>>> print(open('my_file_16.cif').read())   # mmCIF, C-alpha atoms and all ligand atoms
data_target
loop_
_atom_site.label_atom_id
_atom_site.label_comp_id
_atom_site.auth_asym_id
_atom_site.auth_seq_id
_atom_site.Cartn_x
_atom_site.Cartn_y
_atom_site.Cartn_z
CA MET A 57 -12.84 -82.27 -80.82
CA TRP A 58 -12.95 -79.32 -78.47
CA PRO A 59 -9.46 -77.80 -78.26
CA ASP A 60 -9.86 -77.18 -74.51
CA ARG A 61 -11.68 -79.74 -72.36
CA ARG A 62 -11.19 -78.15 -68.93
CA LEU A 63 -14.71 -76.78 -68.69
CA LEU A 64 -16.30 -79.99 -69.98
CA GLU A 65 -14.50 -81.96 -67.30
CA LEU A 66 -15.15 -79.45 -64.53
CA LEU A 67 -18.84 -78.90 -65.25
CA LYS A 68 -19.54 -82.43 -66.54
CA VAL A 69 -21.57 -81.19 -69.49
CA GLU A 70 -21.69 -82.51 -73.05
CA PHE A 71 -20.81 -79.17 -74.68
CA PRO A 72 -18.74 -76.22 -73.37
CA ILE A 73 -21.76 -73.96 -73.74
CA VAL A 74 -23.45 -72.14 -70.87
CA GLN A 75 -27.01 -70.95 -71.50
CA ALA A 76 -26.81 -67.53 -69.89
CA PRO A 77 -29.09 -66.75 -66.95
CA MET A 78 -31.51 -64.03 -68.08
CA ALA A 79 -33.62 -62.61 -65.26
CA GLY A 80 -37.15 -61.65 -66.20
CA VAL A 81 -37.35 -63.45 -69.54
CA MET A 82 -36.90 -67.13 -68.74
CA ASP A 83 -37.55 -69.83 -66.18
CA ALA A 84 -37.09 -73.57 -65.69
CA ASP A 85 -38.33 -74.35 -69.23
CA LEU A 86 -35.28 -72.82 -70.95
CA VAL A 87 -32.87 -74.36 -68.42
CA ILE A 88 -34.39 -77.81 -69.04
CA ALA A 89 -34.28 -77.47 -72.83
CA ALA A 90 -30.71 -76.11 -72.91
CA ALA A 91 -29.59 -78.90 -70.54
CA GLN A 92 -31.33 -81.52 -72.70
CA GLY A 93 -29.36 -80.14 -75.64
CA GLY A 94 -26.07 -80.62 -73.76
CA ALA A 95 -25.38 -77.11 -72.40
CA LEU A 96 -25.09 -75.98 -68.79
CA GLY A 97 -28.52 -74.46 -68.09
CA SER A 98 -28.59 -71.46 -65.74
CA LEU A 99 -31.57 -70.39 -63.67
CA PRO A 100 -31.62 -66.62 -62.98
CA CYS A 101 -32.64 -66.16 -59.34
CA ALA A 102 -32.01 -62.41 -58.93
CA ILE A 103 -35.69 -61.46 -59.02
CA LEU A 104 -37.11 -64.66 -57.53
CA SER A 105 -38.21 -65.26 -53.94
CA VAL A 106 -36.62 -68.17 -52.09
CA GLU A 107 -39.86 -70.16 -52.52
CA LYS A 108 -40.05 -69.48 -56.27
CA ALA A 109 -36.38 -70.34 -56.80
CA ARG A 110 -36.86 -73.64 -54.90
CA GLU A 111 -39.95 -74.45 -56.99
CA GLN A 112 -38.08 -73.76 -60.24
CA VAL A 113 -35.08 -75.90 -59.28
CA ASN A 114 -37.39 -78.75 -58.26
CA ILE A 115 -39.11 -78.57 -61.67
CA ILE A 116 -35.71 -78.74 -63.39
CA ARG A 117 -34.49 -81.64 -61.22
CA GLN A 118 -37.64 -83.63 -62.03
CA ARG A 119 -37.04 -83.26 -65.76
CA VAL A 120 -33.26 -83.49 -66.24
CA SER A 121 -30.38 -85.06 -64.37
CA ALA A 122 -27.79 -82.71 -65.92
CA PRO A 123 -25.82 -80.26 -63.75
CA ILE A 124 -27.34 -76.78 -63.42
CA ALA A 125 -26.30 -73.29 -62.35
CA MET A 126 -28.23 -70.99 -60.04
CA ASN A 127 -27.42 -67.33 -60.75
CA PHE A 128 -27.54 -64.40 -58.34
CA PHE A 129 -26.74 -60.71 -58.33
CA CYS A 130 -24.32 -59.53 -55.64
CA HIS A 131 -24.29 -55.75 -56.01
CA GLU A 132 -23.78 -53.50 -53.00
CA PRO A 133 -27.34 -52.52 -52.06
CA VAL A 134 -28.01 -48.77 -52.18
CA GLU A 135 -30.71 -47.21 -50.00
CA VAL A 136 -33.56 -45.41 -51.77
CA ASP A 137 -32.66 -41.73 -52.05
CA PRO A 138 -35.96 -39.79 -51.68
CA LYS A 139 -34.59 -36.80 -53.63
CA ALA A 140 -33.43 -38.93 -56.58
CA GLU A 141 -36.74 -40.81 -56.45
CA ALA A 142 -38.74 -37.56 -56.57
CA ARG A 143 -36.69 -36.29 -59.53
CA TRP A 144 -37.23 -39.56 -61.38
CA MET A 145 -40.98 -39.58 -60.70
CA GLN A 146 -41.14 -36.05 -62.07
CA ARG A 147 -39.56 -37.30 -65.32
CA LEU A 148 -42.03 -40.20 -65.42
CA GLU A 149 -45.15 -38.21 -64.50
CA PRO A 150 -46.23 -37.40 -68.09
CA TYR A 151 -46.25 -41.12 -68.86
CA TYR A 152 -48.31 -41.86 -65.75
CA LYS A 153 -50.83 -39.22 -66.94
CA GLU A 154 -50.89 -40.63 -70.46
CA LEU A 155 -51.68 -44.11 -69.14
CA GLY A 156 -54.22 -42.83 -66.57
CA LEU A 157 -52.11 -43.91 -63.59
CA ASP A 158 -51.67 -42.11 -60.27
CA PRO A 159 -47.99 -41.27 -59.70
CA ALA A 160 -48.69 -40.84 -55.97
CA ALA A 161 -50.01 -44.40 -55.54
CA PRO A 162 -47.66 -46.66 -53.53
CA ILE A 163 -45.41 -48.89 -55.66
CA ASN A 164 -43.61 -52.08 -54.64
CA VAL A 165 -39.86 -51.49 -54.49
CA ALA A 166 -37.96 -53.08 -57.40
CA ASN A 167 -37.03 -56.58 -56.27
CA ARG A 168 -33.47 -57.20 -57.39
CA ALA A 169 -31.97 -58.16 -54.03
CA PRO A 170 -28.33 -59.20 -53.73
CA PHE A 171 -27.43 -62.77 -52.69
CA ASP A 172 -28.06 -63.06 -48.95
CA ALA A 173 -28.21 -65.56 -46.08
CA ALA A 174 -31.68 -66.78 -47.07
CA MET A 175 -30.61 -67.55 -50.65
CA CYS A 176 -27.41 -69.10 -49.32
CA GLU A 177 -29.49 -71.48 -47.18
CA LEU A 178 -31.42 -72.40 -50.32
CA VAL A 179 -28.16 -73.14 -52.15
CA GLU A 180 -27.13 -75.33 -49.20
CA GLU A 181 -30.45 -77.14 -49.43
CA LEU A 182 -30.57 -77.60 -53.23
CA LYS A 183 -26.85 -78.05 -53.90
CA PRO A 184 -26.70 -76.85 -57.51
CA GLU A 185 -23.51 -78.03 -59.22
CA VAL A 186 -22.70 -74.42 -60.17
CA VAL A 187 -23.48 -71.02 -58.66
CA SER A 188 -22.86 -68.03 -60.88
CA PHE A 189 -22.78 -64.42 -59.76
CA HIS A 190 -23.17 -61.10 -61.54
CA PHE A 191 -21.53 -57.87 -60.23
CA GLY A 192 -18.65 -59.50 -58.39
CA LEU A 193 -18.90 -62.03 -55.57
CA PRO A 194 -20.78 -62.09 -52.26
CA GLY A 195 -18.88 -61.51 -48.99
CA GLN A 196 -16.38 -64.19 -47.94
CA ALA A 197 -18.65 -65.69 -45.23
CA LEU A 198 -21.44 -66.43 -47.72
CA LEU A 199 -19.00 -67.54 -50.43
CA LYS A 200 -17.38 -69.99 -48.00
CA ARG A 201 -20.77 -71.57 -47.35
CA VAL A 202 -21.45 -71.89 -51.09
CA ARG A 203 -18.08 -73.53 -51.64
CA ALA A 204 -18.57 -75.84 -48.64
CA VAL A 205 -21.58 -77.39 -50.43
CA GLY A 206 -19.27 -78.23 -53.33
CA CYS A 207 -20.68 -75.70 -55.83
CA ILE A 208 -18.39 -74.48 -58.60
CA VAL A 209 -18.30 -70.68 -58.37
CA ILE A 210 -18.46 -68.58 -61.53
CA SER A 211 -18.60 -64.81 -61.98
CA SER A 212 -18.28 -62.25 -64.77
CA ALA A 213 -15.40 -59.86 -65.38
CA THR A 214 -15.57 -56.97 -67.83
CA THR A 215 -11.87 -56.04 -67.49
CA VAL A 216 -8.60 -57.85 -66.72
CA LYS A 217 -8.54 -56.12 -63.33
CA GLU A 218 -11.93 -57.59 -62.42
CA ALA A 219 -10.83 -61.04 -63.66
CA ILE A 220 -7.76 -60.99 -61.40
CA TRP A 221 -9.90 -59.82 -58.47
CA LEU A 222 -12.36 -62.68 -59.04
CA GLU A 223 -9.60 -65.26 -59.18
CA GLU A 224 -8.01 -63.91 -56.00
CA ASN A 225 -11.37 -63.89 -54.23
CA GLY A 226 -12.50 -67.42 -54.98
CA ALA A 227 -13.99 -67.80 -58.49
CA ASP A 228 -13.31 -71.25 -60.02
CA VAL A 229 -14.19 -70.08 -63.52
CA ILE A 230 -14.35 -66.56 -64.95
CA ILE A 231 -16.71 -65.28 -67.60
CA ALA A 232 -15.01 -62.61 -69.71
CA GLN A 233 -18.01 -60.47 -70.66
CA GLY A 234 -17.33 -58.16 -73.59
CA ALA A 235 -19.13 -54.93 -74.42
CA GLU A 236 -21.21 -56.71 -77.08
CA ALA A 237 -23.16 -58.63 -74.43
CA GLY A 238 -26.86 -58.15 -73.89
CA GLY A 239 -28.21 -57.20 -70.47
CA HIS A 240 -26.32 -55.68 -67.56
CA ARG A 241 -22.57 -55.27 -67.69
CA GLY A 242 -21.22 -57.45 -64.88
CA MET A 243 -18.84 -54.60 -63.94
CA PHE A 244 -18.08 -54.11 -60.25
CA LEU A 245 -14.69 -52.37 -59.93
CA THR A 246 -15.52 -49.61 -62.39
CA GLU A 247 -18.54 -47.68 -63.55
CA ASN A 248 -17.01 -46.43 -66.78
CA ILE A 249 -18.88 -48.09 -69.63
CA ALA A 250 -16.81 -46.25 -72.26
CA GLU A 251 -13.79 -48.29 -71.19
CA GLN A 252 -15.33 -51.78 -71.44
CA PRO A 253 -13.35 -53.85 -73.96
CA GLY A 254 -15.12 -55.90 -76.60
CA THR A 255 -15.09 -59.70 -76.38
CA PHE A 256 -12.36 -60.12 -79.01
CA ALA A 257 -9.93 -57.89 -77.09
CA LEU A 258 -10.96 -58.96 -73.59
CA VAL A 259 -10.88 -62.77 -73.81
CA PRO A 260 -7.19 -63.31 -74.70
CA GLN A 261 -6.07 -60.69 -72.16
CA VAL A 262 -8.11 -62.34 -69.39
CA VAL A 263 -6.81 -65.78 -70.46
CA ASP A 264 -3.25 -64.43 -70.10
CA ALA A 265 -3.94 -62.89 -66.70
CA VAL A 266 -5.61 -65.78 -64.80
CA LYS A 267 -5.06 -69.53 -64.33
CA VAL A 268 -8.71 -70.60 -64.02
CA PRO A 269 -10.72 -71.52 -67.14
CA VAL A 270 -12.26 -68.56 -68.95
CA ILE A 271 -15.70 -68.51 -70.55
CA ALA A 272 -16.20 -65.96 -73.33
CA ALA A 273 -19.48 -64.02 -73.38
CA GLY A 274 -20.87 -61.23 -75.51
CA GLY A 275 -21.85 -61.32 -79.16
CA ILE A 276 -21.45 -65.09 -79.54
CA ALA A 277 -24.45 -66.50 -81.39
CA ASP A 278 -23.30 -69.15 -83.86
CA GLY A 279 -20.63 -71.75 -84.56
CA ARG A 280 -18.24 -69.12 -85.92
CA GLY A 281 -18.39 -67.12 -82.70
CA ILE A 282 -17.85 -70.21 -80.56
CA ALA A 283 -14.86 -71.32 -82.66
CA ALA A 284 -13.43 -67.79 -82.42
CA ALA A 285 -13.77 -67.86 -78.62
CA PHE A 286 -11.73 -71.09 -78.50
CA ALA A 287 -9.15 -69.58 -80.85
CA LEU A 288 -8.81 -66.72 -78.36
CA GLY A 289 -8.09 -69.15 -75.53
CA ALA A 290 -11.54 -69.54 -73.96
CA ALA A 291 -12.53 -72.93 -72.53
CA GLY A 292 -16.21 -72.31 -73.21
CA VAL A 293 -18.85 -69.75 -74.09
CA GLN A 294 -21.85 -68.23 -72.33
CA ILE A 295 -24.66 -67.38 -74.72
CA GLY A 296 -27.68 -65.28 -73.82
CA THR A 297 -29.24 -63.33 -76.66
CA ALA A 298 -29.21 -66.24 -79.13
CA TYR A 299 -31.50 -68.20 -76.76
CA LEU A 300 -34.06 -65.39 -76.46
CA ARG A 301 -36.06 -66.31 -79.53
CA CYS A 302 -36.38 -69.96 -78.52
CA PRO A 303 -40.01 -70.93 -77.81
CA GLU A 304 -38.97 -71.82 -74.22
CA SER A 305 -37.99 -68.22 -73.35
CA LYS A 306 -40.67 -66.13 -71.66
CA LEU A 307 -40.33 -63.05 -73.87
CA ILE A 308 -43.74 -61.49 -74.46
CA ALA A 309 -44.88 -61.34 -78.09
CA PRO A 310 -44.11 -57.64 -78.79
CA ALA A 311 -40.62 -58.03 -77.29
CA ARG A 312 -40.09 -61.11 -79.43
CA SER A 313 -41.00 -59.16 -82.55
CA ALA A 314 -38.78 -56.19 -81.56
CA LEU A 315 -35.84 -58.60 -81.28
CA ALA A 316 -36.73 -60.33 -84.54
CA GLN A 317 -36.48 -56.97 -86.32
CA ALA A 318 -33.24 -55.87 -84.64
CA ARG A 319 -30.02 -55.62 -86.65
CA ASP A 320 -26.31 -55.27 -85.93
CA ASP A 321 -26.68 -51.57 -85.05
CA SER A 322 -29.94 -51.84 -83.12
CA THR A 323 -28.70 -52.13 -79.53
CA VAL A 324 -27.42 -49.46 -77.14
CA ILE A 325 -26.28 -49.28 -73.53
CA THR A 326 -28.70 -47.56 -71.20
CA ASN A 327 -29.02 -46.82 -67.48
CA VAL A 328 -32.61 -45.60 -67.47
CA MET A 329 -34.35 -48.97 -67.08
CA THR A 330 -32.71 -50.09 -63.81
CA GLY A 331 -30.00 -47.56 -62.87
CA ARG A 332 -27.17 -49.85 -64.02
CA PRO A 333 -25.80 -49.91 -67.54
CA ALA A 334 -27.29 -52.67 -69.69
CA ARG A 335 -27.46 -53.32 -73.43
CA GLY A 336 -30.75 -53.64 -75.24
CA VAL A 337 -32.93 -52.63 -78.14
CA PRO A 338 -34.20 -49.09 -77.47
CA ASN A 339 -37.77 -48.79 -76.20
CA ARG A 340 -39.62 -45.52 -75.73
CA THR A 341 -38.15 -44.92 -72.25
CA MET A 342 -34.60 -45.25 -73.56
CA ARG A 343 -35.32 -43.07 -76.60
CA GLU A 344 -37.06 -40.27 -74.70
CA LEU A 345 -35.23 -40.27 -71.33
CA GLY A 346 -31.84 -41.76 -72.22
CA PRO A 347 -30.19 -43.90 -73.23
CA ILE A 348 -28.02 -42.52 -70.37
CA SER A 349 -29.55 -40.12 -67.87
CA PRO A 350 -28.17 -38.60 -64.66
CA ASP A 351 -31.75 -38.65 -63.36
CA ALA A 352 -31.99 -42.45 -63.24
CA PRO A 353 -31.85 -43.50 -59.55
CA ALA A 354 -29.22 -46.04 -58.48
CA PHE A 355 -29.72 -49.74 -59.28
CA PRO A 356 -32.29 -51.17 -59.01
CA HIS A 357 -34.41 -48.21 -57.98
CA ALA A 358 -34.89 -46.75 -61.48
CA ALA A 359 -37.02 -49.81 -62.21
CA THR A 360 -39.43 -49.08 -59.34
CA GLY A 361 -41.10 -46.05 -60.93
CA LEU A 362 -41.19 -47.78 -64.31
CA ALA A 363 -42.97 -50.90 -63.04
CA PRO A 364 -46.57 -49.60 -63.10
CA LEU A 365 -45.95 -48.04 -66.55
CA LYS A 366 -44.55 -51.34 -67.85
CA ALA A 367 -47.54 -53.31 -66.56
CA ALA A 368 -50.07 -50.83 -67.97
CA ALA A 369 -48.41 -50.51 -71.40
CA GLU A 370 -47.96 -54.28 -71.78
CA LYS A 371 -51.74 -54.65 -71.42
CA PHE A 372 -51.97 -52.71 -74.71
CA GLY A 373 -49.26 -54.88 -76.29
CA LYS A 374 -46.65 -52.11 -75.95
CA VAL A 375 -43.07 -52.50 -74.76
CA ASP A 376 -42.48 -48.76 -74.19
CA PHE A 377 -41.32 -49.42 -70.60
CA THR A 378 -40.18 -53.05 -70.91
CA ASN A 379 -36.52 -54.10 -70.90
CA LEU A 380 -35.59 -55.36 -74.36
CA TRP A 381 -32.16 -56.60 -73.31
CA ALA A 382 -30.20 -58.04 -76.22
CA GLY A 383 -26.60 -58.10 -77.41
CA GLN A 384 -25.00 -56.94 -80.63
CA ALA A 385 -25.38 -60.34 -82.30
CA VAL A 386 -29.16 -60.28 -81.87
CA ARG A 387 -29.62 -60.55 -85.65
CA LEU A 388 -28.01 -64.00 -85.62
CA GLY A 389 -30.69 -65.38 -83.26
CA ARG A 390 -32.94 -68.11 -84.60
CA GLU A 391 -36.43 -69.25 -83.69
CA MET A 392 -35.64 -72.80 -82.74
CA PRO A 393 -36.25 -75.01 -79.69
CA ALA A 394 -33.38 -74.50 -77.24
CA ALA A 395 -32.21 -78.15 -77.20
CA GLU A 396 -32.01 -78.14 -80.99
CA LEU A 397 -30.29 -74.74 -80.99
CA THR A 398 -27.69 -75.95 -78.48
CA ARG A 399 -26.87 -79.01 -80.60
CA ALA A 400 -26.79 -76.88 -83.77
CA LEU A 401 -24.41 -74.37 -82.13
CA ALA A 402 -22.08 -77.12 -80.89
CA GLY A 403 -22.15 -78.97 -84.23
CA ALA A 404 -21.40 -75.81 -86.22
CA ALA A 405 -18.57 -74.87 -83.83
CA LEU A 406 -16.96 -78.30 -84.07
CA LEU A 407 -17.19 -78.24 -87.85
CA ARG A 408 -15.63 -74.77 -87.99
CA LEU A 409 -12.85 -75.81 -85.57
CA SER A 410 -12.04 -78.90 -87.64
CA GLN A 411 -11.97 -76.82 -90.84
CA MET A 412 -9.59 -74.39 -89.15
CA ALA A 413 -7.38 -77.27 -87.99
CA GLY A 414 -7.41 -78.93 -91.41
C1 LIG B 1 -32.19 -60.61 -71.50
C2 LIG B 1 -30.91 -60.75 -70.73
C3 LIG B 1 -30.96 -60.87 -69.35
C4 LIG B 1 -29.78 -61.09 -68.62
N1 LIG B 1 -29.87 -61.30 -67.27
C5 LIG B 1 -28.75 -61.75 -66.61
C6 LIG B 1 -28.85 -62.24 -65.26
O1 LIG B 1 -29.95 -62.28 -64.67
N2 LIG B 1 -27.71 -62.66 -64.67
C7 LIG B 1 -26.50 -62.66 -65.30
O2 LIG B 1 -25.51 -63.09 -64.70
N3 LIG B 1 -26.37 -62.22 -66.57
C8 LIG B 1 -27.46 -61.77 -67.23
N4 LIG B 1 -27.35 -61.39 -68.56
C9 LIG B 1 -26.01 -61.34 -69.19
C10 LIG B 1 -25.61 -62.72 -69.67
O3 LIG B 1 -25.19 -63.49 -68.57
C11 LIG B 1 -24.44 -62.73 -70.69
O4 LIG B 1 -23.34 -62.01 -70.19
C12 LIG B 1 -24.82 -62.15 -72.03
O5 LIG B 1 -26.09 -62.59 -72.42
C13 LIG B 1 -23.80 -62.59 -73.09
O6 LIG B 1 -23.92 -61.86 -74.26
P1 LIG B 1 -24.95 -62.19 -75.46
O7 LIG B 1 -26.27 -61.73 -74.95
O8 LIG B 1 -24.43 -61.40 -76.59
O9 LIG B 1 -24.93 -63.68 -75.68
C14 LIG B 1 -28.53 -61.14 -69.30
C15 LIG B 1 -28.49 -60.98 -70.70
C16 LIG B 1 -29.66 -60.81 -71.42
C17 LIG B 1 -29.58 -60.70 -72.92
#
>>> encode(input="my_file_16.cif", output="structure tokens")
Amino acid sequence: MWPDRRLLELLKVEFPIVQAPMAGVMDADLVIAAAQGGALGSLPCAILSVEKAREQVNIIRQRVSAPIAMNFFCHEPVEVDPKAEARWMQRLEPYYKELGLDPAAPINVANRAPFDAAMCELVEELKPEVVSFHFGLPGQALLKRVRAVGCIVISSATTVKEAIWLEENGADVIIAQGAEAGGHRGMFLTENIAEQPGTFALVPQVVDAVKVPVIAAGGIADGRGIAAAFALGAAGVQIGTAYLRCPESKLIAPARSALAQARDDSTVITNVMTGRPARGVPNRTMRELGPISPDAPAFPHAATGLAPLKAAAEKFGKVDFTNLWAGQAVRLGREMPAAELTRALAGAALLRLSQMAG
């Protein structure tokens, strides 16, 4: 028995497990498989067009009747700063030369747009049961429209202060994202990554500070981690990295093998890939230009100059310029279909919880 059933009842899922949205490395296939296994599947929409997001949701709806989450970024957009851009291109120029690319050729601007009126219209049209946000919440006018459709609103907090802010500003459920987590820190009231608490310290303090159900995220990859999250007062878990090695993820082969080789001490936080701090396995860009560099333009503009390098290197099977986002529990990941993994995670957690109770 799950010690806290609030999330199960609110989300109407079989297990209190959220398959984390992971932009760039997954699509409808992972959402479908995780949902078939009994988790809440989340579709990352941050780098999708409205048309693509609609297509993906329609694919999911045709295959499963389970509730789903659509996930969006809601960072404050920052204009391109030509000086910062020029400095960054200067740092990248040797790589352009090495790969035979022209650094002066026009590049499409990195496409991580915040949640806007067009995406909000799509949410109104598709009515996902859950909408989750990263980097805070959208403005009140947009949020009101999302809530009016009946969507449950979820967002990530990396500190108690952010959790309280989210509750006060309309989140129905809060993800407490610890420093162990793979990908971008959801931080939005601070930029200081050195201060981010780990999951074990953050979850109980967030649980104490807010009334809404709390989902633990960061470093949870097996039944032990899930049971620990419940012991800390969480009503559920959000798991990203552990789903990356499932056949349904869209990780390219060299990224898959980099993750398969990673250990407990293999991940670091970097800002050079996108301009915002994110945790991943170091690639060549992170090793040679970072992991933290003052030259990286603001989010998401650091990714713009890297895009042609990424595309060219991947043609040679190299992930020198590819995000290898993963959390500290990457070693615990298993190559297993996502539905099976979800059931295995839930089964192991329930067994561990009953052993602890007994
Ligand atoms: C590859 C990758 C991509 C991610 N992309 C997103 C995203 O698009 N939106 C989001 O809200 N969170 C994103 N995250 C963060 C997850 O929501 C979650 O906080 C994290 O995966 C939990 O930690 P874990 O990776 O240790 O399980 C991403 C994480 C990873 C590993």
>>> residues_near_ligand(input="my_file_16.cif", ligand="ligand LIG 1 (chain B)", cutoff="8 Å", atoms="only C-alpha atoms and all ligand atoms", output="ChimeraX atom specification")
/A:76-81,100-102,127-129,188-191,211-212,231,233-234,236-242,273-277,294-298,300,335-336,379-386
>>> residues_around(input="my_file_16.cif", residues="region 366-370 of chain A", least_positions_apart="5", cutoff="12 Å", atoms="all atoms listed in the file", output="list in words")
Leu148, Tyr151, Tyr152, Lys153, Glu154, Leu155, Gly156, Leu157, Asp158, Ile163, Leu307, Ile308, Ala309, Pro310, Ala311, Met329, Asn339, Arg340, Thr341, Ala359, Thr360, Gly361, Val375, Asp376, Phe377, Thr378, Asn379 and Leu380 of chain A
>>> atom_distance(input="my_file_16.cif", atom1="CA of Leu104 (chain A)", atom2="CA of Ala363 (chain A)")
15.9 Å
>>> residues_around(input="my_file_16.cif", residues="Cys207 (chain A)", least_positions_apart="3", cutoff="8 Å", atoms="all atoms listed in the file", output="list in words")
Lys183, Pro184, Glu185, Val186, Val187, Val202, Arg203 and Ala204 of chain A
>>> atom_distance(input="my_file_16.cif", atom1="CA of Tyr299 (chain A)", atom2="CA of Glu70 (chain A)")
17.7 Å
>>> closest_residue(input="my_file_16.cif", among="A:Ile249, A:Ala290, A:Ala84, A:Ile115", to="Val324 (chain A)", atoms="only C-alpha atoms")
A:Ile249
>>> closest_residue(input="my_file_16.cif", among="A:Arg312, A:Lys371, A:His357, A:Lys200", to="Arg390 (chain A)", atoms="all atoms listed in the file")
A:Arg312
>>> closest_residue(input="my_file_16.cif", among="A:Glu111, A:Asp278, A:Asp264, A:Glu141", to="Ala352 (chain A)", atoms="all atoms listed in the file")
A:Glu141
>>> atom_distance(input="my_file_16.cif", atom1="CA of Ala405 (chain A)", atom2="CA of Ala283 (chain A)")
5.3 Å
>>> residues_around(input="my_file_16.cif", residues="Pro269 (chain A)", least_positions_apart="3", cutoff="9 Å", atoms="only C-alpha atoms", output="number ranges by chain")
A: 62-63, 228-231, 263, 266, 290-292
>>> closest_residue(input="my_file_16.cif", among="A:Ala174, A:Ala334, A:Val270, A:Ile325", to="Ile220 (chain A)", atoms="all atoms listed in the file")
A:Val270
>>> closest_residue(input="my_file_16.cif", among="A:Lys306, A:Lys267, A:Arg280, A:Arg168", to="Cys130 (chain A)", atoms="all atoms listed in the file")
A:Arg168
>>> closest_residue(input="my_file_16.cif", among="A:Thr246, A:Arg332, A:Lys68, A:Leu178", to="Pro350 (chain A)", atoms="all atoms listed in the file")
A:Arg332
>>> build_atoms(input="my_file_16.cif", residues="region 133-148 of chain A", atoms="N, CA and C atoms", output="PDB file, in the frame of the given file")
ATOM      1  N   PRO A 133     -26.028 -53.177 -52.052  1.00  0.00           N
ATOM      2  CA  PRO A 133     -27.340 -52.520 -52.060  1.00  0.00           C
ATOM      3  C   PRO A 133     -27.239 -51.041 -51.716  1.00  0.00           C
ATOM      4  N   VAL A 134     -27.997 -50.221 -52.427  1.00  0.00           N
ATOM      5  CA  VAL A 134     -28.010 -48.770 -52.180  1.00  0.00           C
ATOM      6  C   VAL A 134     -29.392 -48.408 -51.668  1.00  0.00           C
ATOM      7  N   GLU A 135     -29.437 -47.652 -50.560  1.00  0.00           N
ATOM      8  CA  GLU A 135     -30.710 -47.210 -50.000  1.00  0.00           C
ATOM      9  C   GLU A 135     -31.452 -46.322 -51.004  1.00  0.00           C
ATOM     10  N   VAL A 136     -32.768 -46.331 -50.938  1.00  0.00           N
ATOM     11  CA  VAL A 136     -33.560 -45.410 -51.770  1.00  0.00           C
ATOM     12  C   VAL A 136     -33.233 -43.989 -51.344  1.00  0.00           C
ATOM     13  N   ASP A 137     -32.932 -43.139 -52.327  1.00  0.00           N
ATOM     14  CA  ASP A 137     -32.660 -41.730 -52.050  1.00  0.00           C
ATOM     15  C   ASP A 137     -33.929 -40.947 -52.419  1.00  0.00           C
ATOM     16  N   PRO A 138     -34.657 -40.427 -51.397  1.00  0.00           N
ATOM     17  CA  PRO A 138     -35.960 -39.790 -51.680  1.00  0.00           C
ATOM     18  C   PRO A 138     -35.862 -38.654 -52.702  1.00  0.00           C
ATOM     19  N   LYS A 139     -34.731 -37.916 -52.683  1.00  0.00           N
ATOM     20  CA  LYS A 139     -34.590 -36.800 -53.630  1.00  0.00           C
ATOM     21  C   LYS A 139     -34.472 -37.316 -55.057  1.00  0.00           C
ATOM     22  N   ALA A 140     -33.626 -38.343 -55.244  1.00  0.00           N
ATOM     23  CA  ALA A 140     -33.430 -38.930 -56.580  1.00  0.00           C
ATOM     24  C   ALA A 140     -34.745 -39.547 -57.059  1.00  0.00           C
ATOM     25  N   GLU A 141     -35.459 -40.165 -56.127  1.00  0.00           N
ATOM     26  CA  GLU A 141     -36.740 -40.810 -56.450  1.00  0.00           C
ATOM     27  C   GLU A 141     -37.739 -39.764 -56.950  1.00  0.00           C
ATOM     28  N   ALA A 142     -37.785 -38.608 -56.225  1.00  0.00           N
ATOM     29  CA  ALA A 142     -38.740 -37.560 -56.570  1.00  0.00           C
ATOM     30  C   ALA A 142     -38.418 -36.997 -57.956  1.00  0.00           C
ATOM     31  N   ARG A 143     -37.112 -36.820 -58.227  1.00  0.00           N
ATOM     32  CA  ARG A 143     -36.690 -36.290 -59.530  1.00  0.00           C
ATOM     33  C   ARG A 143     -37.099 -37.257 -60.655  1.00  0.00           C
ATOM     34  N   TRP A 144     -36.909 -38.531 -60.384  1.00  0.00           N
ATOM     35  CA  TRP A 144     -37.230 -39.560 -61.380  1.00  0.00           C
ATOM     36  C   TRP A 144     -38.742 -39.608 -61.625  1.00  0.00           C
ATOM     37  N   MET A 145     -39.523 -39.528 -60.549  1.00  0.00           N
ATOM     38  CA  MET A 145     -40.980 -39.580 -60.700  1.00  0.00           C
ATOM     39  C   MET A 145     -41.486 -38.366 -61.473  1.00  0.00           C
ATOM     40  N   GLN A 146     -40.766 -37.248 -61.313  1.00  0.00           N
ATOM     41  CA  GLN A 146     -41.140 -36.050 -62.070  1.00  0.00           C
ATOM     42  C   GLN A 146     -40.930 -36.304 -63.587  1.00  0.00           C
ATOM     43  N   ARG A 147     -39.833 -36.968 -63.905  1.00  0.00           N
ATOM     44  CA  ARG A 147     -39.560 -37.300 -65.320  1.00  0.00           C
ATOM     45  C   ARG A 147     -40.617 -38.276 -65.858  1.00  0.00           C
ATOM     46  N   LEU A 148     -41.098 -39.160 -64.979  1.00  0.00           N
ATOM     47  CA  LEU A 148     -42.030 -40.200 -65.420  1.00  0.00           C
ATOM     48  C   LEU A 148     -43.501 -39.748 -65.406  1.00  0.00           C
TER      49      LEU A 148
END
